[in-house]
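The structure file data-v5.cif is reproduced below (mmCIF, C-alpha atoms).
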```
data_model
loop_
_atom_site.label_atom_id
_atom_site.label_comp_id
_atom_site.auth_asym_id
_atom_site.auth_seq_id
_atom_site.Cartn_x
_atom_site.Cartn_y
_atom_site.Cartn_z
CA MET A 1 19.00 37.18 64.18
CA ARG A 2 16.78 38.54 61.45
CA GLY A 3 18.28 40.10 58.34
CA PRO A 4 16.88 42.99 56.35
CA VAL A 5 13.28 42.82 55.39
CA GLY A 6 12.88 40.64 52.28
CA SER A 7 16.41 39.26 52.39
CA GLY A 8 15.09 35.74 52.89
CA PHE A 9 13.14 35.88 49.63
CA LYS A 10 15.78 37.13 47.16
CA PRO A 11 17.55 33.77 46.57
CA LEU A 12 14.18 32.04 46.21
CA ARG A 13 12.99 34.60 43.69
CA ARG A 14 16.27 34.36 41.75
CA PHE A 15 16.08 30.57 41.74
CA GLY A 16 12.49 30.71 40.54
CA LEU A 17 13.41 33.05 37.70
CA LEU A 18 16.28 30.81 36.58
CA THR A 19 14.00 27.77 36.69
CA LEU A 20 11.43 29.50 34.50
CA LEU A 21 14.10 30.60 32.02
CA ALA A 22 15.53 27.08 31.84
CA ALA A 23 12.07 25.62 31.33
CA ALA A 24 11.38 28.10 28.54
CA TRP A 25 14.72 27.25 26.88
CA PHE A 26 14.41 23.46 27.03
CA ALA A 27 10.65 23.08 26.49
CA PRO A 28 10.75 23.20 22.66
CA TRP A 29 13.61 20.66 22.56
CA ALA A 30 11.85 18.38 25.02
CA ALA A 31 8.66 18.53 22.95
CA LEU A 32 10.66 17.75 19.81
CA ALA A 33 12.33 14.78 21.46
CA GLN A 34 9.01 13.41 22.70
CA SER A 35 7.01 14.01 19.51
CA PRO A 36 6.41 10.76 17.59
CA ALA A 37 8.05 10.29 14.19
CA ARG A 38 5.94 10.49 11.06
CA ILE A 39 6.80 8.67 7.83
CA LYS A 40 5.33 9.32 4.40
CA ILE A 41 5.35 6.44 1.93
CA ALA A 42 3.90 5.62 -1.50
CA ALA A 43 2.34 2.18 -1.98
CA ALA A 44 0.50 0.20 -4.64
CA SER A 45 -3.29 0.05 -4.27
CA ASN A 46 -3.35 -3.73 -3.81
CA LEU A 47 -1.75 -3.12 -0.39
CA LYS A 48 -4.60 -1.02 1.00
CA PHE A 49 -5.88 -3.46 3.60
CA VAL A 50 -2.65 -5.20 4.56
CA LEU A 51 -0.97 -1.84 5.13
CA ALA A 52 -3.92 -0.66 7.20
CA ASP A 53 -3.23 -3.59 9.53
CA LEU A 54 0.54 -3.18 9.51
CA THR A 55 0.63 0.58 10.04
CA SER A 56 -1.84 0.27 12.92
CA GLN A 57 0.24 -2.48 14.52
CA TYR A 58 3.45 -0.52 14.01
CA LYS A 59 2.03 2.64 15.57
CA GLN A 60 0.88 0.69 18.62
CA GLN A 61 4.37 -0.79 19.02
CA THR A 62 6.48 2.26 18.28
CA GLY A 63 4.30 5.37 18.28
CA VAL A 64 5.40 6.08 14.70
CA GLN A 65 2.70 7.25 12.30
CA VAL A 66 3.01 5.92 8.73
CA ASP A 67 1.08 8.00 6.19
CA VAL A 68 0.31 5.97 3.06
CA ASN A 69 -0.24 7.46 -0.39
CA LEU A 70 -1.97 4.72 -2.44
CA GLY A 71 -2.08 4.51 -6.21
CA ALA A 72 -1.03 2.60 -9.30
CA SER A 73 2.66 1.71 -9.12
CA GLY A 74 3.39 3.45 -12.42
CA ASN A 75 1.66 6.65 -11.38
CA LEU A 76 3.43 6.70 -8.03
CA ALA A 77 6.83 6.11 -9.61
CA ARG A 78 6.29 9.01 -12.00
CA GLN A 79 5.19 11.25 -9.14
CA ILE A 80 8.33 10.32 -7.20
CA LEU A 81 10.44 11.22 -10.24
CA GLN A 82 8.66 14.58 -10.21
CA GLY A 83 9.43 15.18 -6.54
CA LEU A 84 6.69 13.47 -4.50
CA PRO A 85 7.95 13.87 -0.88
CA VAL A 86 7.96 10.27 0.35
CA GLU A 87 10.68 8.15 1.96
CA GLN A 88 9.68 4.70 0.74
CA PHE A 89 8.09 3.20 -2.37
CA ILE A 90 6.26 -0.13 -2.08
CA SER A 91 5.50 -1.33 -5.59
CA ALA A 92 3.23 -4.05 -6.93
CA ASP A 93 6.07 -5.27 -9.12
CA GLU A 94 9.82 -4.90 -9.58
CA VAL A 95 9.88 -2.92 -12.81
CA TRP A 96 8.95 0.45 -11.33
CA VAL A 97 11.44 0.11 -8.48
CA ALA A 98 14.12 -0.60 -11.08
CA GLU A 99 13.09 2.54 -12.97
CA LEU A 100 13.55 4.68 -9.87
CA ALA A 101 16.87 3.02 -9.07
CA LYS A 102 18.09 3.64 -12.61
CA ALA A 103 17.15 7.31 -12.24
CA GLY A 104 19.17 7.55 -9.03
CA HIS A 105 16.23 8.14 -6.68
CA THR A 106 16.74 5.12 -4.40
CA GLN A 107 19.24 4.02 -1.77
CA ASP A 108 19.68 0.60 -3.38
CA ALA A 109 17.84 -1.93 -5.56
CA GLY A 110 15.27 -2.62 -2.85
CA GLN A 111 13.93 -5.91 -1.49
CA ARG A 112 11.16 -8.30 -2.42
CA TYR A 113 8.57 -8.33 0.34
CA ALA A 114 5.71 -10.47 -1.07
CA THR A 115 4.33 -12.27 -4.10
CA GLY A 116 0.82 -11.35 -5.20
CA ARG A 117 -2.00 -13.36 -6.73
CA LEU A 118 -4.94 -12.61 -9.00
CA ALA A 119 -8.61 -13.30 -8.36
CA LEU A 120 -11.67 -13.29 -10.58
CA ILE A 121 -14.62 -11.50 -9.00
CA VAL A 122 -18.29 -10.96 -9.83
CA PRO A 123 -20.96 -9.10 -7.85
CA LYS A 124 -22.50 -10.99 -4.95
CA SER A 125 -25.82 -11.40 -6.74
CA SER A 126 -24.29 -12.49 -10.07
CA THR A 127 -25.38 -15.70 -11.77
CA LEU A 128 -22.27 -15.91 -13.96
CA PRO A 129 -20.58 -19.35 -13.70
CA LEU A 130 -17.68 -18.23 -11.51
CA ALA A 131 -16.74 -21.74 -10.40
CA GLN A 132 -16.10 -22.73 -14.02
CA GLY A 133 -13.28 -20.24 -14.39
CA LEU A 134 -12.26 -17.16 -16.31
CA ALA A 135 -13.08 -18.27 -19.86
CA ALA A 136 -16.54 -19.54 -18.87
CA VAL A 137 -17.39 -16.24 -17.13
CA VAL A 138 -16.37 -14.13 -20.12
CA ARG A 139 -18.29 -16.38 -22.54
CA ALA A 140 -21.42 -16.13 -20.39
CA MET A 141 -21.39 -12.31 -20.24
CA LYS A 142 -24.05 -10.42 -22.18
CA PRO A 143 -23.08 -7.98 -24.96
CA GLY A 144 -23.62 -4.94 -22.73
CA ASP A 145 -21.78 -6.34 -19.72
CA LYS A 146 -18.48 -4.85 -18.56
CA PHE A 147 -15.28 -6.59 -17.47
CA ALA A 148 -12.98 -4.58 -15.19
CA ILE A 149 -9.19 -4.66 -15.01
CA ALA A 150 -6.58 -2.14 -13.88
CA ASN A 151 -4.92 -0.04 -16.57
CA PRO A 152 -1.93 -2.18 -17.69
CA ALA A 153 0.04 0.94 -18.63
CA LEU A 154 0.12 1.95 -14.96
CA ALA A 155 -0.73 -1.04 -12.78
CA PRO A 156 1.22 -4.33 -12.62
CA TYR A 157 -1.97 -6.19 -11.71
CA GLY A 158 -3.47 -4.86 -14.94
CA VAL A 159 -0.54 -6.31 -16.88
CA ALA A 160 -1.04 -9.68 -15.17
CA ALA A 161 -4.78 -9.55 -15.91
CA VAL A 162 -4.15 -9.07 -19.63
CA VAL A 163 -1.78 -12.08 -19.63
CA ALA A 164 -4.32 -14.17 -17.70
CA LEU A 165 -7.02 -13.39 -20.26
CA GLN A 166 -4.68 -14.44 -23.07
CA ARG A 167 -3.50 -17.66 -21.42
CA SER A 168 -7.06 -18.67 -20.52
CA GLY A 169 -8.04 -18.52 -24.17
CA VAL A 170 -10.19 -15.39 -23.87
CA GLY A 171 -7.72 -13.09 -25.61
CA ALA A 172 -8.16 -9.34 -25.82
CA LEU A 173 -11.51 -8.05 -24.60
CA PRO A 174 -13.63 -5.98 -27.01
CA ALA A 175 -13.27 -2.25 -26.33
CA ASN A 176 -16.98 -1.90 -25.52
CA GLN A 177 -16.75 -4.68 -22.92
CA LYS A 178 -13.57 -3.64 -21.14
CA VAL A 179 -13.46 -1.00 -18.40
CA GLN A 180 -10.13 0.02 -16.92
CA GLY A 181 -9.48 1.41 -13.47
CA ASP A 182 -6.67 3.86 -12.86
CA ASN A 183 -5.42 1.35 -10.29
CA ILE A 184 -6.41 -2.09 -9.04
CA GLY A 185 -8.46 -0.60 -6.22
CA GLN A 186 -10.66 1.29 -8.65
CA ALA A 187 -11.08 -1.75 -10.89
CA THR A 188 -12.20 -3.73 -7.83
CA GLN A 189 -14.75 -1.07 -6.91
CA PHE A 190 -16.27 -1.25 -10.40
CA VAL A 191 -17.27 -4.85 -9.69
CA ALA A 192 -18.12 -4.38 -6.00
CA THR A 193 -20.57 -1.59 -6.86
CA GLY A 194 -22.08 -3.41 -9.85
CA ALA A 195 -20.72 -0.96 -12.43
CA ALA A 196 -18.95 -3.97 -13.99
CA GLN A 197 -20.31 -7.51 -14.14
CA ALA A 198 -16.93 -9.21 -13.66
CA GLY A 199 -13.28 -8.34 -13.27
CA ILE A 200 -9.80 -9.38 -12.27
CA THR A 201 -8.30 -7.97 -9.09
CA ALA A 202 -5.70 -8.72 -6.44
CA LEU A 203 -6.60 -11.67 -4.25
CA ALA A 204 -5.57 -9.57 -1.24
CA LEU A 205 -8.24 -6.99 -2.08
CA ALA A 206 -10.91 -9.55 -2.94
CA GLN A 207 -10.45 -11.35 0.39
CA ALA A 208 -10.70 -8.21 2.51
CA PRO A 209 -14.02 -8.15 4.46
CA GLU A 210 -14.82 -4.70 3.06
CA ILE A 211 -14.80 -6.13 -0.48
CA ALA A 212 -15.72 -9.77 0.14
CA GLN A 213 -19.16 -8.78 1.41
CA SER A 214 -19.98 -7.40 -2.06
CA VAL A 215 -18.42 -9.96 -4.40
CA GLN A 216 -17.93 -13.63 -5.15
CA VAL A 217 -14.26 -14.58 -5.42
CA LEU A 218 -12.32 -17.20 -7.37
CA PRO A 219 -8.51 -17.23 -6.95
CA LEU A 220 -6.95 -17.66 -10.38
CA PRO A 221 -4.29 -20.31 -11.05
CA THR A 222 -0.79 -18.90 -10.71
CA ASP A 223 0.21 -20.34 -14.09
CA LEU A 224 -2.12 -17.90 -15.84
CA HIS A 225 0.40 -15.09 -15.38
CA ALA A 226 4.03 -14.43 -14.52
CA PRO A 227 4.77 -14.31 -10.77
CA LEU A 228 3.78 -10.99 -9.23
CA HIS A 229 7.00 -10.39 -7.30
CA GLN A 230 6.50 -7.20 -5.32
CA ARG A 231 9.46 -5.02 -4.32
CA MET A 232 9.93 -2.06 -2.02
CA VAL A 233 12.76 0.44 -1.70
CA LEU A 234 13.91 3.32 0.46
CA LEU A 235 14.36 6.55 -1.44
CA LYS A 236 17.31 8.90 -1.26
CA GLY A 237 17.07 11.01 1.89
CA ALA A 238 14.93 8.52 3.85
CA GLY A 239 15.50 8.88 7.59
CA GLY A 240 16.14 6.39 10.36
CA ALA A 241 12.45 6.04 11.20
CA ALA A 242 11.69 5.02 7.61
CA ALA A 243 14.57 2.52 7.66
CA ASP A 244 13.18 0.96 10.86
CA TRP A 245 9.73 0.64 9.26
CA HIS A 246 11.30 -0.87 6.14
CA ARG A 247 13.02 -3.53 8.25
CA PHE A 248 9.79 -4.21 10.11
CA LEU A 249 8.01 -5.11 6.87
CA LEU A 250 10.58 -7.85 6.26
CA SER A 251 10.29 -9.26 9.79
CA PRO A 252 8.51 -12.59 10.48
CA PRO A 253 5.54 -10.93 12.28
CA ALA A 254 4.91 -8.56 9.35
CA GLN A 255 5.40 -11.31 6.78
CA ALA A 256 2.76 -13.36 8.61
CA VAL A 257 0.31 -10.48 8.11
CA PHE A 258 1.04 -10.46 4.38
CA VAL A 259 0.32 -14.19 4.20
CA ARG A 260 -2.92 -13.76 6.13
CA HIS A 261 -4.02 -11.19 3.53
CA GLY A 262 -3.50 -13.59 0.62
CA TYR A 263 0.11 -12.97 -0.39
CA ALA A 264 2.83 -15.56 -0.72
CA LEU A 265 6.22 -15.06 0.90
CA PRO A 266 8.84 -13.48 -1.38
CA GLN A 267 10.81 -15.92 -3.50
#
```
Please express what this file holds, its structure, as structure tokens.
Amino acid sequence: MRGPVGSGFKPLRRFGLLTLLAAAWFAPWAALAQSPARIKIAAASNLKFVLADLTSQYKQQTGVQVDVNLGASGNLARQILQGLPVEQFISADEVWVAELAKAGHTQDAGQRYATGRLALIVPKSSTLPLAQGLAAVVRAMKPGDKFAIANPALAPYGVAAVVALQRSGVGALPANQKVQGDNIGQATQFVATGAAQAGITALALAQAPEIAQSVQVLPLPTDLHAPLHQRMVLLKGAGGAAADWHRFLLSPPAQAVFVRHGYALPQ
């Protein structure tokens, strides 16, 4: 027996309307749940290439995007004190992490994640006696030649470079011979581009294919400077995604990547 015209369609139409309303209500929450996390961190310039590898690997494994703000550790620490919106600070030393902890900006004292090394570099076409070491290179430089280091007031690798020059017998460089980068990455570029005839950089930067194709590299003896213990820390307010990334950096697979890039394991 047939009912009134259209009676068979009313429940279907009502169901369809409810379905559309439910979809409209839950869609934003579903999109939020499915959207990948994004982490913002601040990291020392010597980590440029190792972090490029690690963030790429981490995104492939987890879908989490890690945005890296590179710079001199001292500059980054000061920016964080002034409100730089990042969840993690990966320093080239331990001093700047301690400064942030003292100021109450961190969750704890942080963890050592690697130990860095210095390298002496000259342009690929240079005839300076690199194999004879730091003192021989500086002695062989011409009066107008430039020697690049990172600014020791901001960059831990700049501090180590100054100590290495002293312990090698070179001492302080003349003002007209020294050129300082704002960070170790800039100091490295001075040599790679030929703007400086020699310089001291992070071994991890010097070994990277992007740099190694432009320079000759000599790892410097570790006794020329104090150990470059590098420390990282989560900042106040860091979320769960940042904490997971932080733990990943201390994991054996990530530590193996640090070693491959020229770092030693943390001591």
What residues come out when you apply the PyMOL selection byres ((chain A and resi 238) around 12) to this file, written as a PDB file with C-alpha atoms, keeping the file's coordinate frame?
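Saved result, result-v5.pdb, follows:
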```pdb
ATOM      1  CA  ARG A  38       5.940  10.490  11.060  1.00  0.00           C
ATOM      2  CA  ILE A  39       6.800   8.670   7.830  1.00  0.00           C
ATOM      3  CA  LYS A  40       5.330   9.320   4.400  1.00  0.00           C
ATOM      4  CA  ILE A  41       5.350   6.440   1.930  1.00  0.00           C
ATOM      5  CA  PRO A  85       7.950  13.870  -0.880  1.00  0.00           C
ATOM      6  CA  VAL A  86       7.960  10.270   0.350  1.00  0.00           C
ATOM      7  CA  GLU A  87      10.680   8.150   1.960  1.00  0.00           C
ATOM      8  CA  GLN A  88       9.680   4.700   0.740  1.00  0.00           C
ATOM      9  CA  PHE A  89       8.090   3.200  -2.370  1.00  0.00           C
ATOM     10  CA  HIS A 105      16.230   8.140  -6.680  1.00  0.00           C
ATOM     11  CA  THR A 106      16.740   5.120  -4.400  1.00  0.00           C
ATOM     12  CA  GLN A 107      19.240   4.020  -1.770  1.00  0.00           C
ATOM     13  CA  ASP A 108      19.680   0.600  -3.380  1.00  0.00           C
ATOM     14  CA  VAL A 233      12.760   0.440  -1.700  1.00  0.00           C
ATOM     15  CA  LEU A 234      13.910   3.320   0.460  1.00  0.00           C
ATOM     16  CA  LEU A 235      14.360   6.550  -1.440  1.00  0.00           C
ATOM     17  CA  LYS A 236      17.310   8.900  -1.260  1.00  0.00           C
ATOM     18  CA  GLY A 237      17.070  11.010   1.890  1.00  0.00           C
ATOM     19  CA  GLY A 239      15.500   8.880   7.590  1.00  0.00           C
ATOM     20  CA  GLY A 240      16.140   6.390  10.360  1.00  0.00           C
ATOM     21  CA  ALA A 241      12.450   6.040  11.200  1.00  0.00           C
ATOM     22  CA  ALA A 242      11.690   5.020   7.610  1.00  0.00           C
ATOM     23  CA  ALA A 243      14.570   2.520   7.660  1.00  0.00           C
ATOM     24  CA  ASP A 244      13.180   0.960  10.860  1.00  0.00           C
ATOM     25  CA  TRP A 245       9.730   0.640   9.260  1.00  0.00           C
ATOM     26  CA  HIS A 246      11.300  -0.870   6.140  1.00  0.00           C
TER      27      HIS A 246
END
```
Could you list as a ChimeraX atom specification every residue that has an atom within 12 Å of (7.8, 3.7, -4.1), using the file's coordinates and counting all atoms listed in the file?
/A:40-45,68-81,83-101,105-107,109-111,230-236,238,246
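Distances to Gly185 of chain A were evaluated for A:Leu173, A:Gln216, A:Val259, A:Ala150 using all atoms listed in the file, and the minimum falls at A:Ala150.
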*Picked residues, the PyMOL selection byres ((chain A and resi 116) around 6), as a ChimeraX atom specification*: /A:115,117,228,263
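Considering only C-alpha atoms, the residue among A:Gln197, A:Gln166, A:Lys102, A:Leu130 positioned nearest to Pro143 of chain A is A:Gln197.
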Handout entry: Selection dump of the PyMOL selection byres ((chain A and resi 188) around 9), as a ChimeraX atom specification
Key = /A:121,148-150,181,183-187,189-193,199-202,205-206,211
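Computed from the coordinates, the atom CA of Met141 of chain A to atom CA of Thr127 of chain A distance equals 10.0 Å.
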